[in-house]
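Written out below as structure tokens is the structure these notes cover.
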Number of protein chains: 2
Amino acid sequence: MVVHKIDRVTLKDVASIADVSIQTVSRVVNNHPDVAPDTRQRVQEVIAQVGYRPNILARSLISQRSFTLGVVIAGLKLTGPLTVLNGITTAAEKARYALMLMELPSYTTDDIELIFDALLSRQVDGIIWAVPEVEDNRLWINKFPKNQNIPLVYLTMQPQEGLTVVAINNYVGGRLATAHLLGQGYRHIGHIAGPLDWWESRQRMKGWEDTLKEAGCEVSDQHWVMGDWSPASGAEKIQLLLDRYPEMDAIFVGNDQMALGVLHVLHAQGLRVPEDIGLVGFDDIQEAAHYWPPLTTIKQDQRYVGKVAVEELIKLIEANLRGTDMDAPKSFLLDPILMVRESSIRSGNE
Amino acid sequence: MVVHKIDRVTLKDVASIADVSIQTVSRVVNNHPDVAPDTRQRVQEVIAQVGYRPNILARSLISQRSFTLGVVIAGLKLTGPLTVLNGITTAAEKARYALMLMELPSYTTDDIELIFDALLSRQVDGIIWAVPEVEDNRLWINKFPKNQNIPLVYLTMQPQEGLTVVAINNYVGGRLATAHLLGQGYRHIGHIAGPLDWWESRQRMKGWEDTLKEAGCEVSDQHWVMGDWSPASGAEKIQLLLDRYPEMDAIFVGNDQMALGVLHVLHAQGLRVPEDIGLVGFDDIQEAAHYWPPLTTIKQDQRYVGKVAVEELIKLIEANLRGTDMDAPKSFLLDPILMVRESSIRSGNE
DNA sequence: CTGAAAGCGCTAACAT
DNA sequence: ATGTTAGCGCTTTCAG
């Protein structure tokens, strides 16, 4: 089998076959009006026949526009970022933008400038920074070549002045979960937080804390522990919490995966959910409805986050192109919702 | 706040500031030897100072090489494709290729030519077709502009002559699962298949069937049912199977998510796992080890699939570029492995 | 060692 | 309605 170079049919080829100028072919390709109907027809036939496809790179060189968005992501193992990505691809395809995907090796890597370079040298029109705020990685922002003036949308971080941020309101989520448990008559509500160097974890925890305090419940450091999002950590930490907080009658767990580990241990110890202990998770992963018992949890519309991010980014790009003054960048904090299932339903209240 | 156009510093700008020709700057950027040390030094300083970044689009136009790979994916909701993507990003970044990601709206959409066009007009150097073989979507291959001669690697489909395919050997997986249950003394092993229009499902099922027959066990249509990969379908279909196959003492389930639904129902009916019913899943998702009881399953190294795909694609691209005759395209069928956990361990055999 | 000229595939601005 | 010229940012000749 002989291997050939990739066939690249150019405007010039089409032009010479159709016996017109390159310009005319270009006009046909771009649906410009000033072409005689029969010429257009003939050119179109040649295009179809030889399988001509415009070279977007060449076009971008002139138009200074690549119709490509950079997406920087980290932690594809987790469900959240993944669903966001899903929303991004869908919205981008709809707007006819292509996506250049880069995955960071970790949440707090040092290679961001390399990533940024790779994206910018490929002339992306804008960037979605879909890396959650962990530790002080938000400080990266200062490293971003500001003078570069590339439109940028940040995801999953604390909204701040002068940036466009799209995120779920995790604080509200924490409040919803806790208020629901209180409403079911639970009074001693513990918490298993995600890693507290994550912004999302801190917000969820604060929602839990504030809600309890407002309800007149005591909150102490004996009432919560910290996991690492994994089912294994849920299993491990719940043991600790059971020891430290024996009166505990309900738990708000930072995500559904840890909640799975918690359920595992509670079963093993003969504790019944929701009778002995009420349980609420966070995320509403697909499996949550099939845990035993089905898990009450907080549902975030991550797909929508991705969609909003793309739409806002494109707005920024277009304003930028027009030289229009955008309104001050606005941020989006989207409220999650409560999904009530058996794990938190106490039949007889208090 | 005033918005500026994106600053684009070009070779020309650097050249005029450093007071050398464009050519010299280009040589410095590309580490060509023929530059006087002090000139090089001066140019490098200017580059650093003005933040020059080469325009890869312009470079690609000349070199006919974009150092970009197209990745077409479908069903990002499922864990499998996601982990593959993870492997792809890592391998691509290592090889200094960028990734252009396209997601199909469904496994059997008609829009493939559009997707293909988008990728080719952006001049990707090669394409990874990471869409599982579902229904007759493999026939897409015939639609691909063969004359285009773009290097292409297919994932998760039946290897075939003349194509480079990377896939997990699902048949072996099915055999492993079934043989393990037989080894534990289970004799009436049912099966919940994934959707049988998926190649992977058919392979897993065939592994189950062949292994049972070879062991002298009877296999009938009463012994299996078909789900749709979701936990909900596992829960629904197991009911059917329990009715149809009352002697059943073990089940091989087509994926871990359905196995979760199965566990749910078995608990509800007071059936103990593994004492009354042995259970083996497929995939080894992170949660599987924390099911109740922990689930025995078949682990596939999807990340490795992604890695191999990228490496093979790059080999194809480079052979293509050199005009070298590649050896006939070879396919890779990677064996999965068995992860033994409690759900299938019978203490006293027979 | 360095620069000038040509051109990758395309479009924008003028011609005619 | 069509063609010509110039040039996007870069690299590849080829001269000096």
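Residue numbering restarts at 1 for every chain of the structure tokens, chains are lettered A, B, ... in their displayed order, and ligands are numbered from 1 as they appear.
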Interface rows for chain D against chain B: nearest pair, Å to one decimal, 12 Å, only C-alpha atoms (C1' of nucleotides), as a Markdown table:
```
| residue | atom | partner | partner_atom | distance |
| --- | --- | --- | --- | --- |
| D:DC8 | C1' | B:Ala58 | CA | 8.4 |
| D:DG9 | C1' | B:Ala58 | CA | 5.2 |
| D:DC10 | C1' | B:Ala58 | CA | 5.1 |
| D:DT11 | C1' | B:Ile62 | CA | 6.6 |
| D:DT12 | C1' | B:Ile62 | CA | 8.9 |
```
* To do: Please provide as an MDAnalysis selection string all residues within 8 Å of stretch 174-177 of chain A, with the sequence filter that same-chain residues fewer than 6 positions apart are discarded (counting only C-alpha atoms (C1' of nucleotides)).
  => chainID A and resid 203:208 210:211 252 280:281 297:298 337:338
Any chance you could fit chain B onto chain A with least squares, all Cα atoms in order, and share the moved copy as a CSV table (one decimal) with C-alpha atoms, in the first residue's frame?
```csv
chain,number,residue,atom,x,y,z
B,1,MET,CA,0.0,-0.1,0.0
B,2,VAL,CA,1.4,3.2,-1.0
B,3,VAL,CA,1.1,6.2,1.2
B,4,HIS,CA,0.5,9.6,-0.2
B,5,LYS,CA,0.8,13.0,1.3
B,6,ILE,CA,-2.5,14.4,2.3
B,7,ASP,CA,-4.3,15.8,-0.7
B,8,ARG,CA,-4.8,19.4,-0.3
B,9,VAL,CA,-6.9,21.0,-2.9
B,10,THR,CA,-6.6,24.8,-3.0
B,11,LEU,CA,-8.5,27.6,-4.3
B,12,LYS,CA,-6.0,27.8,-7.1
B,13,ASP,CA,-6.6,24.3,-8.2
B,14,VAL,CA,-10.4,24.9,-8.3
B,15,ALA,CA,-9.8,28.1,-10.2
B,16,SER,CA,-7.7,26.6,-12.9
B,17,ILE,CA,-10.1,23.7,-13.4
B,18,ALA,CA,-13.1,26.0,-13.5
B,19,ASP,CA,-11.2,28.4,-15.6
B,20,VAL,CA,-11.9,31.4,-13.5
B,21,SER,CA,-9.7,33.5,-11.2
B,22,ILE,CA,-8.9,32.5,-7.6
B,23,GLN,CA,-10.9,35.5,-6.6
B,24,THR,CA,-14.1,34.3,-8.2
B,25,VAL,CA,-13.8,30.9,-6.5
B,26,SER,CA,-13.3,32.7,-3.2
B,27,ARG,CA,-16.5,34.6,-3.8
B,28,VAL,CA,-18.4,31.5,-4.4
B,29,VAL,CA,-17.1,29.8,-1.3
B,30,ASN,CA,-18.0,32.8,0.8
B,31,ASN,CA,-21.4,33.3,-0.8
B,32,HIS,CA,-20.6,36.7,-2.1
B,33,PRO,CA,-23.3,38.1,-4.3
B,34,ASP,CA,-21.2,39.4,-7.2
B,35,VAL,CA,-20.9,36.2,-9.2
B,36,ALA,CA,-22.9,35.3,-12.3
B,37,PRO,CA,-25.3,32.5,-11.6
B,38,ASP,CA,-23.8,30.2,-14.2
B,39,THR,CA,-20.2,30.9,-13.1
B,40,ARG,CA,-21.2,30.2,-9.6
B,41,GLN,CA,-22.9,26.9,-10.6
B,42,ARG,CA,-19.8,25.8,-12.6
B,43,VAL,CA,-17.5,26.6,-9.7
B,44,GLN,CA,-19.7,24.8,-7.2
B,45,GLU,CA,-19.6,21.7,-9.4
B,46,VAL,CA,-15.8,21.7,-9.5
B,47,ILE,CA,-15.7,22.3,-5.7
B,48,ALA,CA,-17.9,19.3,-5.1
B,49,GLN,CA,-16.1,17.2,-7.6
B,50,VAL,CA,-12.6,17.8,-6.4
B,51,GLY,CA,-13.6,17.9,-2.7
B,52,TYR,CA,-12.3,21.3,-2.0
B,53,ARG,CA,-12.3,22.5,1.6
B,54,PRO,CA,-11.2,25.9,2.6
B,55,ASN,CA,-8.0,26.2,4.7
B,56,ILE,CA,-9.2,27.9,7.8
B,57,LEU,CA,-5.6,28.5,8.9
B,58,ALA,CA,-5.0,30.7,5.9
B,59,ARG,CA,-8.2,32.5,6.4
B,60,SER,CA,-7.5,33.1,10.1
B,61,LEU,CA,-4.1,34.6,9.2
B,62,ILE,CA,-5.9,37.4,7.4
B,63,SER,CA,-9.0,37.8,9.5
B,64,GLN,CA,-7.1,37.6,12.8
B,65,ARG,CA,-9.8,35.2,13.9
B,66,SER,CA,-9.6,31.5,14.3
B,67,PHE,CA,-13.1,30.6,15.5
B,68,THR,CA,-11.4,28.5,18.0
B,69,LEU,CA,-11.7,28.6,21.8
B,70,GLY,CA,-9.1,27.3,24.2
B,71,VAL,CA,-10.4,25.2,27.1
B,72,VAL,CA,-8.2,24.5,30.0
B,73,ILE,CA,-9.3,21.9,32.3
B,74,ALA,CA,-8.0,19.8,35.3
B,75,GLY,CA,-9.2,16.8,37.0
B,76,LEU,CA,-11.1,15.1,34.3
B,77,LYS,CA,-11.5,12.1,36.7
B,78,LEU,CA,-14.2,14.0,38.6
B,79,THR,CA,-17.7,14.1,37.3
B,80,GLY,CA,-18.1,17.8,37.7
B,81,PRO,CA,-15.5,19.2,35.2
B,82,LEU,CA,-16.6,16.5,32.8
B,83,THR,CA,-20.2,17.6,32.6
B,84,VAL,CA,-19.0,21.2,32.3
B,85,LEU,CA,-16.9,20.1,29.3
B,86,ASN,CA,-20.0,18.4,27.9
B,87,GLY,CA,-21.9,21.7,28.1
B,88,ILE,CA,-18.9,23.5,26.5
B,89,THR,CA,-18.6,21.2,23.5
B,90,THR,CA,-22.3,21.5,22.8
B,91,ALA,CA,-22.5,25.2,23.0
B,92,ALA,CA,-19.3,25.7,21.0
B,93,GLU,CA,-20.4,23.4,18.2
B,94,LYS,CA,-23.7,25.3,18.0
B,95,ALA,CA,-21.8,28.6,17.7
B,96,ARG,CA,-19.5,27.0,15.1
B,97,TYR,CA,-16.4,27.4,17.2
B,98,ALA,CA,-13.9,24.7,17.5
B,99,LEU,CA,-12.3,23.8,20.8
B,100,MET,CA,-8.7,23.4,21.6
B,101,LEU,CA,-8.5,21.3,24.8
B,102,MET,CA,-5.6,21.4,27.3
B,103,GLU,CA,-5.6,19.4,30.5
B,104,LEU,CA,-3.5,20.4,33.4
B,105,PRO,CA,-1.6,17.6,35.1
B,106,SER,CA,-2.8,18.9,38.5
B,107,TYR,CA,-4.9,21.6,40.0
B,108,THR,CA,-1.9,23.6,41.1
B,109,THR,CA,0.7,22.9,38.5
B,110,ASP,CA,3.3,25.4,37.5
B,111,ASP,CA,3.1,24.8,33.8
B,112,ILE,CA,0.3,27.3,33.2
B,113,GLU,CA,2.5,29.6,31.2
B,114,LEU,CA,3.3,26.8,28.8
B,115,ILE,CA,-0.3,26.0,28.4
B,116,PHE,CA,-1.2,29.6,27.8
B,117,ASP,CA,1.6,29.9,25.3
B,118,ALA,CA,0.4,26.9,23.4
B,119,LEU,CA,-3.1,28.3,23.2
B,120,LEU,CA,-2.1,31.8,22.3
B,121,SER,CA,0.4,30.8,19.6
B,122,ARG,CA,-2.4,28.8,18.0
B,123,GLN,CA,-4.4,32.0,17.9
B,124,VAL,CA,-7.4,31.0,19.9
B,125,ASP,CA,-10.0,33.8,20.0
B,126,GLY,CA,-10.6,33.3,23.7
B,127,ILE,CA,-10.1,31.0,26.6
B,128,ILE,CA,-12.3,29.2,29.1
B,129,TRP,CA,-10.3,28.6,32.3
B,130,ALA,CA,-12.2,25.6,33.7
B,131,VAL,CA,-9.9,24.8,36.6
B,132,PRO,CA,-11.5,24.9,40.0
B,133,GLU,CA,-10.0,27.3,42.6
B,134,VAL,CA,-7.7,25.1,44.7
B,135,GLU,CA,-5.2,26.4,47.2
B,136,ASP,CA,-3.8,29.6,45.8
B,137,ASN,CA,-4.0,28.7,42.1
B,138,ARG,CA,-6.3,31.6,41.6
B,139,LEU,CA,-3.1,33.7,41.8
B,140,TRP,CA,-2.3,32.3,38.4
B,141,ILE,CA,-4.5,35.1,37.1
B,142,ASN,CA,-1.8,37.5,37.8
B,143,LYS,CA,0.6,35.5,35.7
B,144,PHE,CA,-1.7,35.7,32.7
B,145,PRO,CA,-0.3,38.1,30.2
B,146,LYS,CA,-2.9,40.8,30.8
B,147,ASN,CA,-1.5,43.0,28.1
B,148,GLN,CA,-2.3,40.2,25.8
B,149,ASN,CA,-5.9,41.2,26.2
B,150,ILE,CA,-7.3,37.8,25.3
B,151,PRO,CA,-11.0,37.3,26.3
B,152,LEU,CA,-11.1,35.0,29.3
B,153,VAL,CA,-13.9,33.3,31.2
B,154,TYR,CA,-13.2,31.6,34.5
B,155,LEU,CA,-15.2,28.8,36.0
B,156,THR,CA,-15.7,27.5,39.5
B,157,MET,CA,-14.1,30.2,41.5
B,158,GLN,CA,-14.9,33.1,43.7
B,159,PRO,CA,-16.3,35.8,41.5
B,160,GLN,CA,-14.2,38.9,41.6
B,161,GLU,CA,-14.2,42.4,40.3
B,162,GLY,CA,-13.1,42.8,36.7
B,163,LEU,CA,-13.3,39.1,35.8
B,164,THR,CA,-16.0,37.1,34.1
B,165,VAL,CA,-16.7,34.1,36.3
B,166,VAL,CA,-19.3,31.4,36.0
B,167,ALA,CA,-19.8,29.2,39.0
B,168,ILE,CA,-22.3,27.2,41.0
B,169,ASN,CA,-23.3,28.8,44.3
B,170,ASN,CA,-22.0,26.2,46.6
B,171,TYR,CA,-22.9,28.2,49.6
B,172,VAL,CA,-26.5,28.1,48.7
B,173,GLY,CA,-26.1,24.4,48.2
B,174,GLY,CA,-24.7,23.9,51.7
B,175,ARG,CA,-27.6,25.9,53.1
B,176,LEU,CA,-30.2,23.9,51.1
B,177,ALA,CA,-28.8,20.6,52.3
B,178,THR,CA,-28.7,21.6,56.0
B,179,ALA,CA,-32.0,23.4,56.0
B,180,HIS,CA,-33.6,20.3,54.6
B,181,LEU,CA,-32.2,18.1,57.3
B,182,LEU,CA,-33.3,20.5,59.9
B,183,GLY,CA,-36.8,20.5,58.4
B,184,GLN,CA,-36.9,16.8,58.7
B,185,GLY,CA,-36.3,17.2,62.4
B,186,TYR,CA,-32.6,16.2,62.6
B,187,ARG,CA,-30.8,18.4,65.1
B,188,HIS,CA,-27.3,17.1,65.3
B,189,ILE,CA,-26.0,17.5,61.8
B,190,GLY,CA,-22.4,16.6,61.1
B,191,HIS,CA,-20.5,17.5,58.0
B,192,ILE,CA,-17.8,15.7,55.9
B,193,ALA,CA,-16.2,18.5,53.9
B,194,GLY,CA,-14.2,18.1,50.7
B,195,PRO,CA,-10.6,19.2,50.8
B,196,LEU,CA,-10.7,22.7,52.3
B,197,ASP,CA,-8.2,24.1,50.0
B,198,TRP,CA,-11.0,23.9,47.4
B,199,TRP,CA,-13.2,27.0,47.2
B,200,GLU,CA,-16.2,24.8,46.6
B,201,SER,CA,-15.6,22.8,49.8
B,202,ARG,CA,-15.3,25.9,51.9
B,203,GLN,CA,-18.5,27.4,50.5
B,204,ARG,CA,-20.5,24.2,51.1
B,205,MET,CA,-19.2,24.0,54.6
B,206,LYS,CA,-20.0,27.6,55.3
B,207,GLY,CA,-23.5,27.1,54.1
B,208,TRP,CA,-23.8,24.2,56.6
B,209,GLU,CA,-22.3,26.2,59.5
B,210,ASP,CA,-24.3,29.4,59.0
B,211,THR,CA,-27.6,27.5,58.6
B,212,LEU,CA,-27.0,25.5,61.8
B,213,LYS,CA,-26.1,28.6,63.8
B,214,GLU,CA,-29.1,30.5,62.5
B,215,ALA,CA,-31.3,27.6,63.7
B,216,GLY,CA,-29.7,27.9,67.1
B,217,CYS,CA,-27.7,24.7,66.8
B,218,GLU,CA,-24.3,24.5,68.2
B,219,VAL,CA,-21.4,24.0,65.8
B,220,SER,CA,-18.0,22.9,66.9
B,221,ASP,CA,-14.9,21.4,65.4
B,222,GLN,CA,-16.0,18.1,66.7
B,223,HIS,CA,-18.9,18.1,64.3
B,224,TRP,CA,-17.0,17.9,61.0
B,225,VAL,CA,-14.1,16.2,59.3
B,226,MET,CA,-12.4,16.6,56.0
B,227,GLY,CA,-12.2,14.1,53.2
B,228,ASP,CA,-10.7,14.1,49.7
B,229,TRP,CA,-13.8,13.6,47.6
B,230,SER,CA,-13.1,9.8,47.2
B,231,PRO,CA,-15.4,7.1,48.4
B,232,ALA,CA,-12.5,5.7,50.4
B,233,SER,CA,-12.1,8.9,52.3
B,234,GLY,CA,-15.8,9.1,53.1
B,235,ALA,CA,-15.5,5.6,54.5
B,236,GLU,CA,-12.5,6.5,56.5
B,237,LYS,CA,-13.6,9.8,57.9
B,238,ILE,CA,-17.1,8.8,58.9
B,239,GLN,CA,-15.5,6.5,61.5
B,240,LEU,CA,-13.8,9.5,63.0
B,241,LEU,CA,-16.9,11.6,63.0
B,242,LEU,CA,-19.0,8.9,64.6
B,243,ASP,CA,-16.5,8.7,67.5
B,244,ARG,CA,-16.2,12.5,68.0
B,245,TYR,CA,-19.9,13.3,67.7
B,246,PRO,CA,-21.9,10.5,69.1
B,247,GLU,CA,-25.2,12.4,69.3
B,248,MET,CA,-25.0,13.0,65.5
B,249,ASP,CA,-28.3,12.1,63.8
B,250,ALA,CA,-27.6,13.4,60.3
B,251,ILE,CA,-24.7,14.1,58.0
B,252,PHE,CA,-24.3,16.5,55.1
B,253,VAL,CA,-21.5,15.1,53.0
B,254,GLY,CA,-19.5,17.3,50.6
B,255,ASN,CA,-20.1,15.1,47.5
B,256,ASP,CA,-21.9,11.9,46.5
B,257,GLN,CA,-18.9,9.8,46.1
B,258,MET,CA,-17.8,10.3,49.7
B,259,ALA,CA,-21.5,9.7,50.7
B,260,LEU,CA,-21.1,6.3,49.1
B,261,GLY,CA,-18.2,5.4,51.4
B,262,VAL,CA,-20.3,6.7,54.3
B,263,LEU,CA,-23.2,4.5,53.5
B,264,HIS,CA,-20.9,1.6,53.2
B,265,VAL,CA,-19.6,2.0,56.7
B,266,LEU,CA,-23.0,2.8,58.2
B,267,HIS,CA,-24.4,-0.4,56.8
B,268,ALA,CA,-21.4,-2.3,58.2
B,269,GLN,CA,-22.1,-0.9,61.6
B,270,GLY,CA,-25.8,-1.7,61.5
B,271,LEU,CA,-26.9,2.0,61.5
B,272,ARG,CA,-30.0,2.6,59.4
B,273,VAL,CA,-30.4,5.4,57.0
B,274,PRO,CA,-32.5,7.5,57.4
B,275,GLU,CA,-33.9,6.2,60.6
B,276,ASP,CA,-30.8,6.4,62.7
B,277,ILE,CA,-28.9,8.8,60.6
B,278,GLY,CA,-30.1,11.2,57.8
B,279,LEU,CA,-27.8,11.7,54.9
B,280,VAL,CA,-27.5,14.4,52.2
B,281,GLY,CA,-24.8,14.4,49.5
B,282,PHE,CA,-23.8,16.9,46.8
B,283,ASP,CA,-23.6,16.7,43.0
B,284,ASP,CA,-26.4,14.3,42.1
B,285,ILE,CA,-24.2,12.0,40.1
B,286,GLN,CA,-26.1,9.4,38.1
B,287,GLU,CA,-25.6,6.7,40.6
B,288,ALA,CA,-26.9,8.6,43.6
B,289,ALA,CA,-30.5,7.7,42.9
B,290,HIS,CA,-29.5,4.0,43.1
B,291,TYR,CA,-27.5,4.0,46.3
B,292,TRP,CA,-29.0,2.1,49.1
B,293,PRO,CA,-31.1,3.9,50.2
B,294,PRO,CA,-31.4,6.4,47.3
B,295,LEU,CA,-29.4,9.5,48.2
B,296,THR,CA,-30.8,13.0,48.8
B,297,THR,CA,-28.4,15.4,47.3
B,298,ILE,CA,-27.8,18.8,45.8
B,299,LYS,CA,-27.9,18.9,42.0
B,300,GLN,CA,-25.8,21.4,40.1
B,301,ASP,CA,-26.4,22.1,36.4
B,302,GLN,CA,-22.9,21.8,35.3
B,303,ARG,CA,-23.8,21.5,31.7
B,304,TYR,CA,-25.5,24.9,31.9
B,305,VAL,CA,-22.3,26.3,33.4
B,306,GLY,CA,-20.4,25.2,30.3
B,307,LYS,CA,-23.1,26.7,28.1
B,308,VAL,CA,-23.1,30.1,29.8
B,309,ALA,CA,-19.3,30.2,29.8
B,310,VAL,CA,-19.1,29.7,26.0
B,311,GLU,CA,-21.8,32.2,25.3
B,312,GLU,CA,-20.2,34.9,27.5
B,313,LEU,CA,-16.8,34.2,26.0
B,314,ILE,CA,-18.2,34.7,22.5
B,315,LYS,CA,-19.8,37.9,23.6
B,316,LEU,CA,-16.5,39.1,24.9
B,317,ILE,CA,-14.7,38.1,21.7
B,318,GLU,CA,-17.2,39.9,19.6
B,319,ALA,CA,-17.2,43.1,21.6
B,320,ASN,CA,-13.4,43.0,21.6
B,321,LEU,CA,-13.4,42.7,17.8
B,322,ARG,CA,-15.8,45.5,17.3
B,323,GLY,CA,-13.7,47.6,19.7
B,324,THR,CA,-16.9,48.1,21.6
B,325,ASP,CA,-16.7,48.9,25.2
B,326,MET,CA,-18.1,45.9,27.0
B,327,ASP,CA,-20.1,46.6,30.1
B,328,ALA,CA,-18.1,45.7,33.2
B,329,PRO,CA,-17.5,41.9,33.2
B,330,LYS,CA,-20.3,40.3,35.1
B,331,SER,CA,-20.2,37.0,37.0
B,332,PHE,CA,-22.7,34.3,37.2
B,333,LEU,CA,-23.5,32.4,40.4
B,334,LEU,CA,-26.0,29.7,39.6
B,335,ASP,CA,-28.2,28.2,42.3
B,336,PRO,CA,-28.2,24.5,42.7
B,337,ILE,CA,-31.3,22.6,43.7
B,338,LEU,CA,-32.2,20.0,46.3
B,339,MET,CA,-33.1,16.5,45.2
B,340,VAL,CA,-35.0,14.8,47.9
B,341,ARG,CA,-34.7,11.0,48.1
B,342,GLU,CA,-35.0,8.4,50.9
B,343,SER,CA,-31.8,8.9,52.7
B,344,SER,CA,-33.1,12.0,54.5
B,345,ILE,CA,-36.8,11.4,54.9
B,346,ARG,CA,-37.8,10.9,58.5
B,347,SER,CA,-41.4,9.8,58.6
B,348,GLY,CA,-42.1,10.7,62.3
B,349,ASN,CA,-40.6,14.0,63.2
B,350,GLU,CA,-38.9,14.6,66.5
```
* What residues in chain C lie within 12 Å of chain A, counting only C-alpha atoms (C1' of nucleotides), written as a PyMOL selection string? -> chain C and resi 8-12
* To do: Please report, as a ChimeraX atom specification, each residue of stretch 225-324 of chain A to which DSSP assigns strand (DSSP E) when run on this structure's backbone.
  => /A:225-226,250-253,278-280,297-299
Save out the residues we just selected, C-alpha atoms, as a PDB file, in the first residue's frame.
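Now in out.pdb:
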```
ATOM      1  CA  VAL A 225     -14.124  16.225  59.301  1.00  0.00           C
ATOM      2  CA  MET A 226     -12.425  16.641  55.979  1.00  0.00           C
ATOM      3  CA  ALA A 250     -27.570  13.384  60.322  1.00  0.00           C
ATOM      4  CA  ILE A 251     -24.680  14.163  58.004  1.00  0.00           C
ATOM      5  CA  PHE A 252     -24.231  16.542  55.136  1.00  0.00           C
ATOM      6  CA  VAL A 253     -21.482  15.075  52.958  1.00  0.00           C
ATOM      7  CA  GLY A 278     -30.045  11.178  57.845  1.00  0.00           C
ATOM      8  CA  LEU A 279     -27.784  11.720  54.861  1.00  0.00           C
ATOM      9  CA  VAL A 280     -27.461  14.363  52.163  1.00  0.00           C
ATOM     10  CA  THR A 297     -28.407  15.390  47.256  1.00  0.00           C
ATOM     11  CA  ILE A 298     -27.751  18.808  45.743  1.00  0.00           C
ATOM     12  CA  LYS A 299     -27.946  18.947  41.999  1.00  0.00           C
TER      13      LYS A 299
END
```
* Asked: When you draw a straight line from atom C1' of C:DA13 to atom C1' of D:DG7, how long is it in Å?
  ->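 The value is 11.2 Å.
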* Asked: Could you pull the residues within 10 Å of D:DG16, counting only C-alpha atoms (C1' of nucleotides), minus those fewer than 2 positions along the same chain, as number ranges by chain?
  -> C: 2-4; D: 14
* List every residue of stretch 84-272 of chain A that DSSP, applied to the backbone of this structure, assigns to alpha helix (DSSP H), and report them as a ChimeraX atom specification. => /A:84-94,112-121,140-143,170-183,199-214,231-244,256-268
